[in-house]
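Enquirer: Supplied structure: upload.pdb, PDB, C-alpha atoms.
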ATOM      1  CA  MET A   1       0.000   0.000   0.000
ATOM      2  CA  ASN A   2       2.996   2.232   0.407
ATOM      3  CA  PHE A   3       3.574   1.858  -3.295
ATOM      4  CA  VAL A   4      -0.006   2.893  -4.031
ATOM      5  CA  SER A   5       0.207   5.781  -1.612
ATOM      6  CA  TYR A   6       3.388   6.805  -3.234
ATOM      7  CA  PHE A   7       1.799   6.965  -6.661
ATOM      8  CA  ALA A   8      -1.121   8.767  -5.231
ATOM      9  CA  ALA A   9       1.122  11.236  -3.524
ATOM     10  CA  THR A  10       3.255  11.847  -6.596
ATOM     11  CA  ALA A  11       0.400  12.167  -9.006
ATOM     12  CA  GLU A  12      -0.356  15.505 -10.221
ATOM     13  CA  PRO A  13      -3.755  16.848  -9.556
ATOM     14  CA  SER A  14      -5.839  16.913 -12.740
ATOM     15  CA  ASN A  15      -8.696  19.038 -13.663
ATOM     16  CA  ASP A  16     -10.758  16.508 -15.599
ATOM     17  CA  LEU A  17     -13.863  14.659 -14.572
ATOM     18  CA  PHE A  18     -11.991  12.053 -12.496
ATOM     19  CA  GLY A  19     -10.171  14.862 -10.865
ATOM     20  CA  ALA A  20     -13.414  16.606 -10.155
ATOM     21  CA  LEU A  21     -14.761  13.506  -8.591
ATOM     22  CA  GLY A  22     -11.574  12.990  -6.609
ATOM     23  CA  ILE A  23     -10.660   9.821  -8.430
ATOM     24  CA  ASP A  24      -7.103   9.246  -9.473
ATOM     25  CA  TRP A  25      -7.299   7.247 -12.690
ATOM     26  CA  ARG A  26      -3.785   5.880 -12.356
ATOM     27  CA  LEU A  27      -4.526   4.655  -8.932
ATOM     28  CA  LEU A  28      -7.748   3.252 -10.249
ATOM     29  CA  ILE A  29      -5.894   1.378 -12.972
ATOM     30  CA  ILE A  30      -3.442   0.023 -10.486
ATOM     31  CA  GLN A  31      -6.246  -1.044  -8.245
ATOM     32  CA  ILE A  32      -8.034  -2.644 -11.159
ATOM     33  CA  VAL A  33      -4.868  -4.486 -12.162
ATOM     34  CA  ALA A  34      -4.326  -5.521  -8.585
ATOM     35  CA  PHE A  35      -7.880  -6.643  -8.386
ATOM     36  CA  LEU A  36      -7.557  -8.615 -11.596
ATOM     37  CA  ILE A  37      -4.364 -10.178 -10.332
ATOM     38  CA  LEU A  38      -6.158 -11.042  -7.131
ATOM     39  CA  VAL A  39      -9.061 -12.402  -9.064
ATOM     40  CA  PHE A  40      -6.695 -14.433 -11.211
ATOM     41  CA  LEU A  41      -4.840 -15.748  -8.217
ATOM     42  CA  LEU A  42      -8.040 -16.538  -6.390
ATOM     43  CA  GLY A  43      -9.502 -18.194  -9.505
ATOM     44  CA  LYS A  44      -6.330 -20.107 -10.110
ATOM     45  CA  PHE A  45      -5.501 -21.302  -6.628
ATOM     46  CA  VAL A  46      -8.206 -20.576  -4.110
ATOM     47  CA  TYR A  47     -11.527 -21.030  -5.896
ATOM     48  CA  PRO A  48     -10.830 -24.507  -7.241
ATOM     49  CA  TRP A  49      -9.801 -25.720  -3.826
ATOM     50  CA  LEU A  50     -12.673 -23.833  -2.235
ATOM     51  CA  MET A  51     -15.157 -25.100  -4.799
ATOM     52  CA  LYS A  52     -13.785 -28.583  -4.462
ATOM     53  CA  SER A  53     -14.116 -28.354  -0.753
ATOM     54  CA  VAL A  54     -17.614 -26.950  -1.091
ATOM     55  CA  ASP A  55     -18.514 -29.651  -3.590
ATOM     56  CA  GLU A  56     -17.165 -32.298  -1.312
ATOM     57  CA  ARG A  57     -19.036 -30.785   1.563
ATOM     58  CA  GLN A  58     -22.166 -30.622  -0.521
ATOM     59  CA  GLU A  59     -21.712 -34.199  -1.577
ATOM     60  CA  ASN A  60     -21.168 -35.167   2.012
ATOM     61  CA  ILE A  61     -24.252 -33.247   3.025
ATOM     62  CA  GLU A  62     -26.270 -34.820   0.230
ATOM     63  CA  ALA A  63     -24.907 -38.230   1.134
ATOM     64  CA  ALA A  64     -25.707 -37.568   4.762
ATOM     65  CA  ALA A  65     -29.151 -36.374   3.744
ATOM     66  CA  LYS A  66     -29.627 -39.476   1.641
ATOM     67  CA  ALA A  67     -28.321 -41.610   4.460
ATOM     68  CA  ALA A  68     -30.619 -39.790   6.832
ATOM     69  CA  VAL A  69     -33.519 -40.374   4.463
ATOM     70  CA  LYS A  70     -32.515 -44.007   4.127
ATOM     71  CA  ALA A  71     -32.077 -44.275   7.824
ATOM     72  CA  GLN A  72     -35.448 -42.689   8.315
ATOM     73  CA  GLU A  73     -36.960 -45.040   5.802
ATOM     74  CA  ALA A  74     -35.158 -47.900   7.416
ATOM     75  CA  ALA A  75     -36.273 -46.702  10.790
ATOM     76  CA  SER A  76     -39.781 -46.375   9.469
ATOM     77  CA  GLU A  77     -39.604 -49.815   7.965
ATOM     78  CA  SER A  78     -38.043 -51.105  11.112
ATOM     79  CA  GLN A  79     -40.750 -49.476  13.148
ATOM     80  CA  GLU A  80     -43.410 -51.025  10.969
ATOM     81  CA  GLU A  81     -41.671 -54.333  11.127
ATOM     82  CA  THR A  82     -41.301 -53.933  14.860
ATOM     83  CA  ALA A  83     -44.953 -53.084  15.086
ATOM     84  CA  LYS A  84     -45.777 -56.153  13.021
ATOM     85  CA  VAL A  85     -43.482 -58.309  15.113
ATOM     86  CA  LEU A  86     -44.964 -56.828  18.240
ATOM     87  CA  ALA A  87     -48.467 -57.429  16.945
ATOM     88  CA  GLN A  88     -47.528 -60.968  15.981
ATOM     89  CA  ALA A  89     -45.842 -61.505  19.308
ATOM     90  CA  ARG A  90     -48.869 -60.087  21.116
ATOM     91  CA  LYS A  91     -51.127 -62.338  19.102
ATOM     92  CA  GLU A  92     -48.952 -65.363  19.815
ATOM     93  CA  ALA A  93     -48.744 -64.369  23.444
ATOM     94  CA  ASP A  94     -52.517 -64.086  23.561
ATOM     95  CA  GLU A  95     -52.823 -67.495  21.936
ATOM     96  CA  ILE A  96     -50.286 -68.964  24.341
ATOM     97  CA  VAL A  97     -52.069 -67.411  27.292
ATOM     98  CA  SER A  98     -55.461 -68.623  26.127
ATOM     99  CA  SER A  99     -54.068 -72.077  25.366
ATOM    100  CA  ALA A 100     -52.328 -72.126  28.728
ATOM    101  CA  LYS A 101     -55.571 -71.119  30.397
ATOM    102  CA  LEU A 102     -57.384 -73.854  28.515
ATOM    103  CA  GLU A 103     -54.733 -76.408  29.400
ATOM    104  CA  ALA A 104     -54.747 -75.267  33.000
ATOM    105  CA  SER A 105     -58.499 -75.557  33.039
ATOM    106  CA  GLU A 106     -58.325 -79.026  31.516
ATOM    107  CA  MET A 107     -55.592 -80.043  33.933
ATOM    108  CA  LEU A 108     -57.641 -78.732  36.810
ATOM    109  CA  SER A 109     -60.667 -80.561  35.530
ATOM    110  CA  ASN A 110     -58.677 -83.764  35.080
ATOM    111  CA  SER A 111     -57.114 -83.372  38.490
ATOM    112  CA  GLU A 112     -60.539 -82.884  39.995
ATOM    113  CA  LYS A 113     -61.821 -85.960  38.199
ATOM    114  CA  LYS A 114     -58.830 -88.011  39.319
ATOM    115  CA  ALA A 115     -59.129 -86.734  42.862
ATOM    116  CA  ARG A 116     -62.845 -87.488  42.867
ATOM    117  CA  ALA A 117     -62.261 -90.976  41.445
ATOM    118  CA  THR A 118     -59.516 -91.630  43.972
ATOM    119  CA  ALA A 119     -61.707 -90.410  46.795
ATOM    120  CA  GLU A 120     -64.574 -92.596  45.580
ATOM    121  CA  ASN A 121     -62.253 -95.594  45.339
ATOM    122  CA  ILE A 122     -60.945 -94.982  48.833
ATOM    123  CA  ALA A 123     -64.477 -94.608  50.136
ATOM    124  CA  ALA A 124     -65.583 -97.772  48.322
ATOM    125  CA  GLU A 125     -62.622 -99.720  49.675
ATOM    126  CA  ALA A 126     -63.297 -98.392  53.145
ATOM    127  CA  ARG A 127     -66.966 -99.381  52.816
ATOM    128  CA  ALA A 128     -65.969-102.834  51.567
ATOM    129  CA  ASP A 129     -63.514-103.217  54.449
ATOM    130  CA  ILE A 130     -66.133-102.135  56.931
ATOM    131  CA  GLU A 131     -68.702-104.503  55.449
ATOM    132  CA  LYS A 132     -66.131-107.283  55.475
ATOM    133  CA  SER A 133     -65.268-106.528  59.091
ATOM    134  CA  ILE A 134     -68.950-106.470  60.007
ATOM    135  CA  GLU A 135     -69.493-109.752  58.195
ATOM    136  CA  THR A 136     -66.484-111.288  59.939
ATOM    137  CA  ALA A 137     -67.654-109.987  63.295
ATOM    138  CA  LYS A 138     -71.153-111.355  62.661
ATOM    139  CA  ARG A 139     -69.747-114.717  61.640
ATOM    140  CA  GLU A 140     -67.490-114.855  64.667
ATOM    141  CA  LEU A 141     -70.370-113.831  66.904
ATOM    142  CA  HIS A 142     -72.575-116.485  65.339
ATOM    143  CA  ASN A 143     -69.934-119.171  65.809
ATOM    144  CA  GLU A 144     -69.207-118.077  69.337
ATOM    145  CA  ALA A 145     -72.939-118.106  70.068
ATOM    146  CA  LEU A 146     -73.103-121.647  68.719
ATOM    147  CA  GLU A 147     -70.177-122.663  70.884
ATOM    148  CA  LEU A 148     -71.789-121.081  73.911
ATOM    149  CA  ILE A 149     -75.145-122.694  73.173
ATOM    150  CA  ALA A 150     -73.494-126.083  72.765
ATOM    151  CA  PHE A 151     -71.441-125.559  75.901
ATOM    152  CA  ALA A 152     -74.454-124.427  77.923
ATOM    153  CA  THR A 153     -76.606-127.260  76.586
ATOM    154  CA  GLU A 154     -73.885-129.733  77.416
ATOM    155  CA  LYS A 155     -73.670-128.417  80.980
ATOM    156  CA  VAL A 156     -77.427-128.374  81.448
ATOM    157  CA  ILE A 157     -77.918-131.848  80.004
ATOM    158  CA  HIS A 158     -75.047-133.188  82.068
ATOM    159  CA  LYS A 159     -76.793-132.024  85.213
ATOM    160  CA  LYS A 160     -80.408-132.550  84.265
ATOM    161  CA  LEU A 161     -80.397-135.741  82.236
ATOM    162  CA  ASP A 162     -81.011-138.811  84.415
ATOM    163  CA  LYS A 163     -81.178-142.492  83.685
ATOM    164  CA  LYS A 164     -84.915-142.482  83.045
ATOM    165  CA  ALA A 165     -84.802-139.543  80.681
ATOM    166  CA  ASP A 166     -81.843-141.101  78.901
ATOM    167  CA  ALA A 167     -83.777-144.341  78.439
ATOM    168  CA  GLU A 168     -86.602-142.368  76.869
ATOM    169  CA  LEU A 169     -84.125-140.579  74.675
ATOM    170  CA  ILE A 170     -82.614-143.869  73.542
ATOM    171  CA  ALA A 171     -86.026-145.321  72.826
ATOM    172  CA  ALA A 172     -86.927-142.291  70.749
ATOM    173  CA  ALA A 173     -83.632-142.471  68.876
ATOM    174  CA  LEU A 174     -84.122-146.154  68.083
ATOM    175  CA  GLU A 175     -87.669-145.484  66.972
ATOM    176  CA  GLU A 176     -86.489-142.708  64.717
ATOM    177  CA  ALA A 177     -83.684-144.821  63.302
ATOM    178  CA  LYS A 178     -86.027-147.644  62.224
TER     179      LYS A 178
ATOM    180  CA  MET B   1     -44.454-169.930  55.337
ATOM    181  CA  ALA B   2     -46.386-167.749  52.955
ATOM    182  CA  LYS B   3     -47.928-164.656  54.395
ATOM    183  CA  LEU B   4     -51.698-164.983  54.643
ATOM    184  CA  SER B   5     -53.896-162.095  53.730
ATOM    185  CA  ARG B   6     -55.928-160.415  56.412
ATOM    186  CA  ARG B   7     -59.069-161.352  54.577
ATOM    187  CA  ALA B   8     -58.153-165.045  54.528
ATOM    188  CA  ILE B   9     -57.316-164.985  58.231
ATOM    189  CA  ALA B  10     -60.583-163.242  59.063
ATOM    190  CA  GLN B  11     -62.646-165.654  56.996
ATOM    191  CA  TYR B  12     -60.986-168.652  58.613
ATOM    192  CA  ILE B  13     -61.374-167.363  62.164
ATOM    193  CA  ALA B  14     -64.986-166.330  61.532
ATOM    194  CA  ARG B  15     -65.755-169.804  60.288
ATOM    195  CA  GLU B  16     -64.091-171.344  63.299
ATOM    196  CA  LEU B  17     -65.884-169.023  65.717
ATOM    197  CA  SER B  18     -69.208-170.097  64.333
ATOM    198  CA  ASP B  19     -68.511-173.503  65.715
ATOM    199  CA  ASP B  20     -68.718-173.454  69.529
ATOM    200  CA  ALA B  21     -66.259-176.325  69.810
ATOM    201  CA  HIS B  22     -63.492-174.556  67.979
ATOM    202  CA  ARG B  23     -64.081-171.070  69.315
ATOM    203  CA  LYS B  24     -61.391-171.001  71.995
ATOM    204  CA  LYS B  25     -58.891-172.793  69.789
ATOM    205  CA  ALA B  26     -59.487-170.334  66.938
ATOM    206  CA  VAL B  27     -58.756-167.394  69.189
ATOM    207  CA  LEU B  28     -55.518-168.972  70.365
ATOM    208  CA  GLN B  29     -54.534-169.768  66.802
ATOM    209  CA  LEU B  30     -55.132-166.222  65.710
ATOM    210  CA  ALA B  31     -53.123-164.815  68.584
ATOM    211  CA  ALA B  32     -50.278-167.224  67.950
ATOM    212  CA  TYR B  33     -50.215-166.546  64.254
ATOM    213  CA  LEU B  34     -50.166-162.756  64.650
ATOM    214  CA  VAL B  35     -47.380-162.937  67.213
ATOM    215  CA  ASP B  36     -45.385-165.384  65.145
ATOM    216  CA  THR B  37     -45.660-163.346  62.002
ATOM    217  CA  ARG B  38     -45.156-160.053  63.875
ATOM    218  CA  ARG B  39     -48.496-158.715  62.685
ATOM    219  CA  THR B  40     -50.015-157.907  66.054
ATOM    220  CA  LYS B  41     -50.548-154.316  64.907
ATOM    221  CA  GLU B  42     -53.118-155.629  62.475
ATOM    222  CA  LEU B  43     -55.245-157.106  65.273
ATOM    223  CA  PRO B  44     -57.922-154.360  65.319
ATOM    224  CA  LEU B  45     -58.331-154.649  61.562
ATOM    225  CA  VAL B  46     -58.476-158.417  61.707
ATOM    226  CA  VAL B  47     -61.104-158.258  64.437
ATOM    227  CA  ARG B  48     -63.142-155.829  62.370
ATOM    228  CA  ASP B  49     -62.932-158.163  59.386
ATOM    229  CA  ILE B  50     -63.890-161.132  61.533
ATOM    230  CA  GLU B  51     -66.926-159.230  62.809
ATOM    231  CA  TYR B  52     -67.855-158.417  59.251
ATOM    232  CA  TYR B  53     -67.692-162.050  58.127
ATOM    233  CA  LEU B  54     -69.567-163.149  61.249
ATOM    234  CA  SER B  55     -72.298-160.645  60.486
ATOM    235  CA  GLU B  56     -72.561-162.079  56.998
ATOM    236  CA  SER B  57     -73.117-165.463  58.508
ATOM    237  CA  GLY B  58     -75.881-164.104  60.765
ATOM    238  CA  SER B  59     -73.942-163.478  63.909
ATOM    239  CA  VAL B  60     -73.486-159.815  64.636
ATOM    240  CA  SER B  61     -71.421-158.403  67.440
ATOM    241  CA  GLY B  62     -71.274-154.717  68.156
ATOM    242  CA  VAL B  63     -70.626-152.069  70.737
ATOM    243  CA  VAL B  64     -73.173-149.832  72.398
ATOM    244  CA  THR B  65     -72.056-146.651  74.097
ATOM    245  CA  THR B  66     -74.364-144.773  76.452
ATOM    246  CA  ALA B  67     -74.022-142.280  79.277
ATOM    247  CA  PHE B  68     -75.893-144.441  81.793
ATOM    248  CA  ASP B  69     -76.453-148.090  82.488
ATOM    249  CA  LEU B  70     -79.011-149.743  80.274
ATOM    250  CA  THR B  71     -82.196-151.315  81.453
ATOM    251  CA  ALA B  72     -83.086-154.776  80.228
ATOM    252  CA  GLU B  73     -85.887-153.297  78.187
ATOM    253  CA  THR B  74     -83.523-150.890  76.464
ATOM    254  CA  LYS B  75     -81.052-153.687  75.764
ATOM    255  CA  LYS B  76     -83.802-155.714  74.135
ATOM    256  CA  ALA B  77     -84.866-152.758  72.062
ATOM    257  CA  MET B  78     -81.317-152.328  70.881
ATOM    258  CA  GLU B  79     -80.902-155.976  69.936
ATOM    259  CA  LYS B  80     -84.162-155.777  68.084
ATOM    260  CA  TYR B  81     -82.978-152.718  66.228
ATOM    261  CA  VAL B  82     -79.710-154.417  65.254
ATOM    262  CA  LYS B  83     -81.520-157.506  64.066
ATOM    263  CA  GLN B  84     -83.809-155.372  61.962
ATOM    264  CA  GLN B  85     -80.889-153.500  60.446
ATOM    265  CA  THR B  86     -78.689-156.525  59.709
ATOM    266  CA  GLY B  87     -81.101-159.398  59.493
ATOM    267  CA  ALA B  88     -78.866-161.318  61.920
ATOM    268  CA  LYS B  89     -80.072-164.237  63.961
ATOM    269  CA  ASP B  90     -77.642-163.836  66.784
ATOM    270  CA  VAL B  91     -76.706-160.420  68.188
ATOM    271  CA  THR B  92     -74.029-159.750  70.775
ATOM    272  CA  LEU B  93     -73.651-156.202  72.036
ATOM    273  CA  ASP B  94     -70.880-155.001  74.298
ATOM    274  CA  HIS B  95     -71.912-152.122  76.464
ATOM    275  CA  ILE B  96     -69.674-149.162  77.282
ATOM    276  CA  VAL B  97     -70.740-146.463  79.722
ATOM    277  CA  ASP B  98     -69.202-143.161  78.723
ATOM    278  CA  PRO B  99     -70.599-140.054  80.458
ATOM    279  CA  ALA B 100     -68.909-137.932  77.805
ATOM    280  CA  VAL B 101     -71.663-138.802  75.329
ATOM    281  CA  LEU B 102     -74.082-136.983  77.703
ATOM    282  CA  GLY B 103     -77.119-138.939  76.594
ATOM    283  CA  GLY B 104     -78.606-141.054  73.849
ATOM    284  CA  LEU B 105     -76.720-143.979  72.343
ATOM    285  CA  LYS B 106     -74.101-144.983  69.834
ATOM    286  CA  VAL B 107     -74.357-148.409  68.240
ATOM    287  CA  THR B 108     -71.410-149.665  66.253
ATOM    288  CA  ILE B 109     -71.821-152.895  64.279
ATOM    289  CA  PRO B 110     -69.841-154.128  61.271
ATOM    290  CA  GLY B 111     -70.565-151.919  58.308
ATOM    291  CA  HIS B 112     -73.019-149.761  60.189
ATOM    292  CA  GLN B 113     -73.085-147.166  62.932
ATOM    293  CA  LEU B 114     -75.896-145.334  64.640
ATOM    294  CA  ASP B 115     -74.771-142.302  66.592
ATOM    295  CA  ALA B 116     -77.711-140.670  68.330
ATOM    296  CA  THR B 117     -75.802-139.276  71.265
ATOM    297  CA  VAL B 118     -76.409-135.803  72.632
ATOM    298  CA  LYS B 119     -72.699-135.122  72.248
ATOM    299  CA  ARG B 120     -72.878-135.776  68.524
ATOM    300  CA  ASN B 121     -75.946-133.580  68.125
ATOM    301  CA  LEU B 122     -74.130-130.782  69.875
ATOM    302  CA  THR B 123     -71.125-131.308  67.641
ATOM    303  CA  ILE B 124     -73.420-131.136  64.622
ATOM    304  CA  LEU B 125     -74.880-127.932  66.002
ATOM    305  CA  LYS B 126     -71.413-126.464  66.345
ATOM    306  CA  THR B 127     -70.049-127.636  63.015
ATOM    307  CA  GLN B 128     -72.977-127.798  60.617
ATOM    308  CA  PHE B 129     -74.337-124.363  61.437
ATOM    309  CA  LYS B 130     -70.935-122.801  61.788
ATOM    310  CA  LYS B 131     -70.277-120.026  59.284
ATOM    311  CA  ILE B 132     -66.895-120.161  57.627
TER     312      ILE B 132
END
Mind converting the file's structure to structure tokens?

Expert:
Amino acid sequence: MNFVSYFAATAEPSNDLFGALGIDWRLLIIQIVAFLILVFLLGKFVYPWLMKSVDERQENIEAAAKAAVKAQEAASESQEETAKVLAQARKEADEIVSSAKLEASEMLSNSEKKARATAENIAAEARADIEKSIETAKRELHNEALELIAFATEKVIHKKLDKKADAELIAAALEEAK
Amino acid sequence: MAKLSRRAIAQYIARELSDDAHRKKAVLQLAAYLVDTRRTKELPLVVRDIEYYLSESGSVSGVVTTAFDLTAETKKAMEKYVKQQTGAKDVTLDHIVDPAVLGGLKVTIPGHQLDATVKRNLTILKTQFKKI
């Protein structure tokens, strides 16, 4: 800028239009040349790199956007699939629960039947045992009664039967045996 | 000496016993034979067989068991009963008094027995009506 200031300082003041406007045309040319050089340099070295960088960035952004869209779609699909799986799982769970309830009910029913049958069998066996015991007791009582009757009769006859009665008994027996 | 059968012995002795003259001799012969042949254990069976053959020839001997002594009338009734049952001409009854029979009588003759004792009736009561 010292160079530019130098030219500006050494330039003679002019009385034309540029001078009237306060514009130094030489300085303007220099600035234009400098600007063009800058533009050239920027276009040659900076813009391509910048544009490349921007393009890459844009591509990255687009790729990210695409990936985001894909991810969203995938997420959406996944959500739907999850919903389906969940629905299926819920349905299967409901079926399992209902089947388990049914099985439990059947098992309970079967258990009740078995328990009832077992109880009836036990009761029947107990009744049979009791009846058997009663029958045995009756039989034993009957036999013991017979023994007692025979024993008592024997004792009574032994004391009461005399020779005369025995003779009558013998006569009756012989008469019956004829 | 060949071993005689019990049947042959019984027939021979029964025949001999029918004759009063040979009765005593027949008994001695039987006793001697059984001792000699070591068959004394067969004596009860031989006697039973002899009684059987005697009964066939019209001479029946038996045993009467009662709880009391018998009157003459009862004895006659018994002999009459035995004659009716066997058709024998001559009946000889040995009498045994056994209070265990309680009452009634038991007549045992060859091939036949009448047990009308009170003891037997009581036994029947106990056994026949007994529930098993």

Enquirer: One decimal, in Å: what's the spacing between CA of Leu169 in chain A and CA of His95 in chain B?

Expert: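 Computing the Euclidean distance for CA of Leu169 in chain A and CA of His95 in chain B yields 16.9 Å.
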
Enquirer: Counting all atoms listed in the file, which residues in chain A sit no more than 12 Å from chain B? For each one, give the nearest pair of atoms and the distance in Å, sorted by chain then residue number, as a tab-separated table.

Expert:
residue	atom	partner	partner_atom	distance
A:Glu135	CA	B:Lys131	CA	10.4
A:Thr136	CA	B:Ile132	CA	9.2
A:Ala137	CA	B:Lys131	CA	11.1
A:Lys138	CA	B:Lys131	CA	9.3
A:Arg139	CA	B:Lys131	CA	5.8
A:Glu140	CA	B:Lys131	CA	8.0
A:Leu141	CA	B:Lys131	CA	9.8
A:His142	CA	B:Lys131	CA	7.4
A:Asn143	CA	B:Lys130	CA	5.5
A:Glu144	CA	B:Lys130	CA	9.1
A:Ala145	CA	B:Lys126	CA	9.3
A:Leu146	CA	B:Lys126	CA	5.6
A:Glu147	CA	B:Lys126	CA	6.0
A:Leu148	CA	B:Lys126	CA	9.3
A:Ile149	CA	B:Lys126	CA	8.6
A:Ala150	CA	B:Leu122	CA	5.6
A:Phe151	CA	B:Leu122	CA	8.4
A:Ala152	CA	B:Leu122	CA	10.3
A:Thr153	CA	B:Leu122	CA	8.0
A:Glu154	CA	B:Leu102	CA	7.3
A:Lys155	CA	B:Leu102	CA	9.2
A:Val156	CA	B:Leu102	CA	10.0
A:Ile157	CA	B:Leu102	CA	6.8
A:His158	CA	B:Leu102	CA	5.9
A:Lys159	CA	B:Leu102	CA	9.4
A:Lys160	CA	B:Leu102	CA	10.1
A:Leu161	CA	B:Gly103	CA	7.3
A:Asp162	CA	B:Phe68	CA	8.0
A:Lys163	CA	B:Phe68	CA	5.9
A:Lys164	CA	B:Phe68	CA	9.3
A:Ala165	CA	B:Gly103	CA	8.7
A:Asp166	CA	B:Gly103	CA	5.7
A:Ala167	CA	B:Thr74	CA	6.8
A:Glu168	CA	B:Gly104	CA	8.6
A:Leu169	CA	B:Gly104	CA	5.6
A:Ile170	CA	B:Gly104	CA	4.9
A:Ala171	CA	B:Thr74	CA	7.1
A:Ala172	CA	B:Gly104	CA	9.0
A:Ala173	CA	B:Ala116	CA	6.2
A:Leu174	CA	B:Tyr81	CA	6.9
A:Glu175	CA	B:Tyr81	CA	8.7
A:Glu176	CA	B:Ala116	CA	9.7
A:Ala177	CA	B:Leu114	CA	7.9
A:Lys178	CA	B:Tyr81	CA	7.1

Enquirer: Okay, now the selection with C-alpha atoms, as an mmCIF file, in the coordinates of the input?

Expert:
data_model
loop_
_atom_site.group_PDB
_atom_site.id
_atom_site.type_symbol
_atom_site.label_atom_id
_atom_site.label_comp_id
_atom_site.auth_asym_id
_atom_site.auth_seq_id
_atom_site.Cartn_x
_atom_site.Cartn_y
_atom_site.Cartn_z
ATOM 1 C CA GLU A 135 -69.493 -109.752 58.195
ATOM 2 C CA THR A 136 -66.484 -111.288 59.939
ATOM 3 C CA ALA A 137 -67.654 -109.987 63.295
ATOM 4 C CA LYS A 138 -71.153 -111.355 62.661
ATOM 5 C CA ARG A 139 -69.747 -114.717 61.640
ATOM 6 C CA GLU A 140 -67.490 -114.855 64.667
ATOM 7 C CA LEU A 141 -70.370 -113.831 66.904
ATOM 8 C CA HIS A 142 -72.575 -116.485 65.339
ATOM 9 C CA ASN A 143 -69.934 -119.171 65.809
ATOM 10 C CA GLU A 144 -69.207 -118.077 69.337
ATOM 11 C CA ALA A 145 -72.939 -118.106 70.068
ATOM 12 C CA LEU A 146 -73.103 -121.647 68.719
ATOM 13 C CA GLU A 147 -70.177 -122.663 70.884
ATOM 14 C CA LEU A 148 -71.789 -121.081 73.911
ATOM 15 C CA ILE A 149 -75.145 -122.694 73.173
ATOM 16 C CA ALA A 150 -73.494 -126.083 72.765
ATOM 17 C CA PHE A 151 -71.441 -125.559 75.901
ATOM 18 C CA ALA A 152 -74.454 -124.427 77.923
ATOM 19 C CA THR A 153 -76.606 -127.260 76.586
ATOM 20 C CA GLU A 154 -73.885 -129.733 77.416
ATOM 21 C CA LYS A 155 -73.670 -128.417 80.980
ATOM 22 C CA VAL A 156 -77.427 -128.374 81.448
ATOM 23 C CA ILE A 157 -77.918 -131.848 80.004
ATOM 24 C CA HIS A 158 -75.047 -133.188 82.068
ATOM 25 C CA LYS A 159 -76.793 -132.024 85.213
ATOM 26 C CA LYS A 160 -80.408 -132.550 84.265
ATOM 27 C CA LEU A 161 -80.397 -135.741 82.236
ATOM 28 C CA ASP A 162 -81.011 -138.811 84.415
ATOM 29 C CA LYS A 163 -81.178 -142.492 83.685
ATOM 30 C CA LYS A 164 -84.915 -142.482 83.045
ATOM 31 C CA ALA A 165 -84.802 -139.543 80.681
ATOM 32 C CA ASP A 166 -81.843 -141.101 78.901
ATOM 33 C CA ALA A 167 -83.777 -144.341 78.439
ATOM 34 C CA GLU A 168 -86.602 -142.368 76.869
ATOM 35 C CA LEU A 169 -84.125 -140.579 74.675
ATOM 36 C CA ILE A 170 -82.614 -143.869 73.542
ATOM 37 C CA ALA A 171 -86.026 -145.321 72.826
ATOM 38 C CA ALA A 172 -86.927 -142.291 70.749
ATOM 39 C CA ALA A 173 -83.632 -142.471 68.876
ATOM 40 C CA LEU A 174 -84.122 -146.154 68.083
ATOM 41 C CA GLU A 175 -87.669 -145.484 66.972
ATOM 42 C CA GLU A 176 -86.489 -142.708 64.717
ATOM 43 C CA ALA A 177 -83.684 -144.821 63.302
ATOM 44 C CA LYS A 178 -86.027 -147.644 62.224
#

Enquirer: Report as a compact mmCIF listing (two decimals) with C-alpha atoms, keeping the file's coordinate frame all protein, DNA and RNA residues lying within 10 Å of Ala10 in chain B, evaluated on only C-alpha atoms, omitting residues in the same chain fewer than 4 positions from it.

Expert:
# COMPACT_ATOMS: atom_id res chain seq x y z
CA SER B 5 -53.90 -162.10 53.73
CA ARG B 6 -55.93 -160.42 56.41
CA ALA B 14 -64.99 -166.33 61.53
CA ARG B 15 -65.76 -169.80 60.29
CA GLU B 16 -64.09 -171.34 63.30
CA LEU B 30 -55.13 -166.22 65.71
CA LEU B 45 -58.33 -154.65 61.56
CA VAL B 46 -58.48 -158.42 61.71
CA VAL B 47 -61.10 -158.26 64.44
CA ARG B 48 -63.14 -155.83 62.37
CA ASP B 49 -62.93 -158.16 59.39
CA ILE B 50 -63.89 -161.13 61.53
CA GLU B 51 -66.93 -159.23 62.81
CA TYR B 52 -67.86 -158.42 59.25
CA TYR B 53 -67.69 -162.05 58.13
CA LEU B 54 -69.57 -163.15 61.25

Enquirer: What is the CA of Lys83 in chain B to CA of Gly58 in chain B distance in Å?

Expert: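 So the answer is 9.3 Å.
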
Enquirer: State, in Å with one decimal place, the distance from CA of Lys41 in chain B to CA of Arg23 in chain B.

Expert: 22.0 Å

Enquirer: For Gly62 in chain B, which residue among B:Ala26, B:Leu4, B:Leu93, B:Ile13 is the nearest when counting all atoms listed in the file?

Expert: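 For Gly62 in chain B, the nearest of the given residues is B:Leu93.
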
Enquirer: Using only the atoms of range 171-177 of chain A listed in the file, plus 3 Å on each side, state the axis-aligned box centre and edge lengths in Å rounded to one decimal, as JSON.

Expert:
{"center_x": -85.7, "center_y": -144.2, "center_z": 68.1, "size_x": 10.0, "size_y": 9.9, "size_z": 15.5}

Enquirer: Run the PyMOL selection byres ((chain B and resi 108) around 6) on the file and write out the hits as a PyMOL selection string.

Expert: chain B and resi 62-63+107+109+113

Enquirer: Could you give me, as a tab-separated table (two decimals) with C-alpha atoms, in the coordinates of the input, the residues that have an atom at most 7 Å away from the point (-74.2, -163.3, 65.6) in the coordinates of the file, using only C-alpha atoms?

Expert:
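Saved the output as selection34.tsv:
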chain	number	residue	atom	x	y	z
B	54	LEU	CA	-69.57	-163.15	61.25
B	55	SER	CA	-72.30	-160.65	60.49
B	58	GLY	CA	-75.88	-164.10	60.76
B	59	SER	CA	-73.94	-163.48	63.91
B	60	VAL	CA	-73.49	-159.82	64.64
B	61	SER	CA	-71.42	-158.40	67.44
B	88	ALA	CA	-78.87	-161.32	61.92
B	89	LYS	CA	-80.07	-164.24	63.96
B	90	ASP	CA	-77.64	-163.84	66.78
B	91	VAL	CA	-76.71	-160.42	68.19
B	92	THR	CA	-74.03	-159.75	70.78
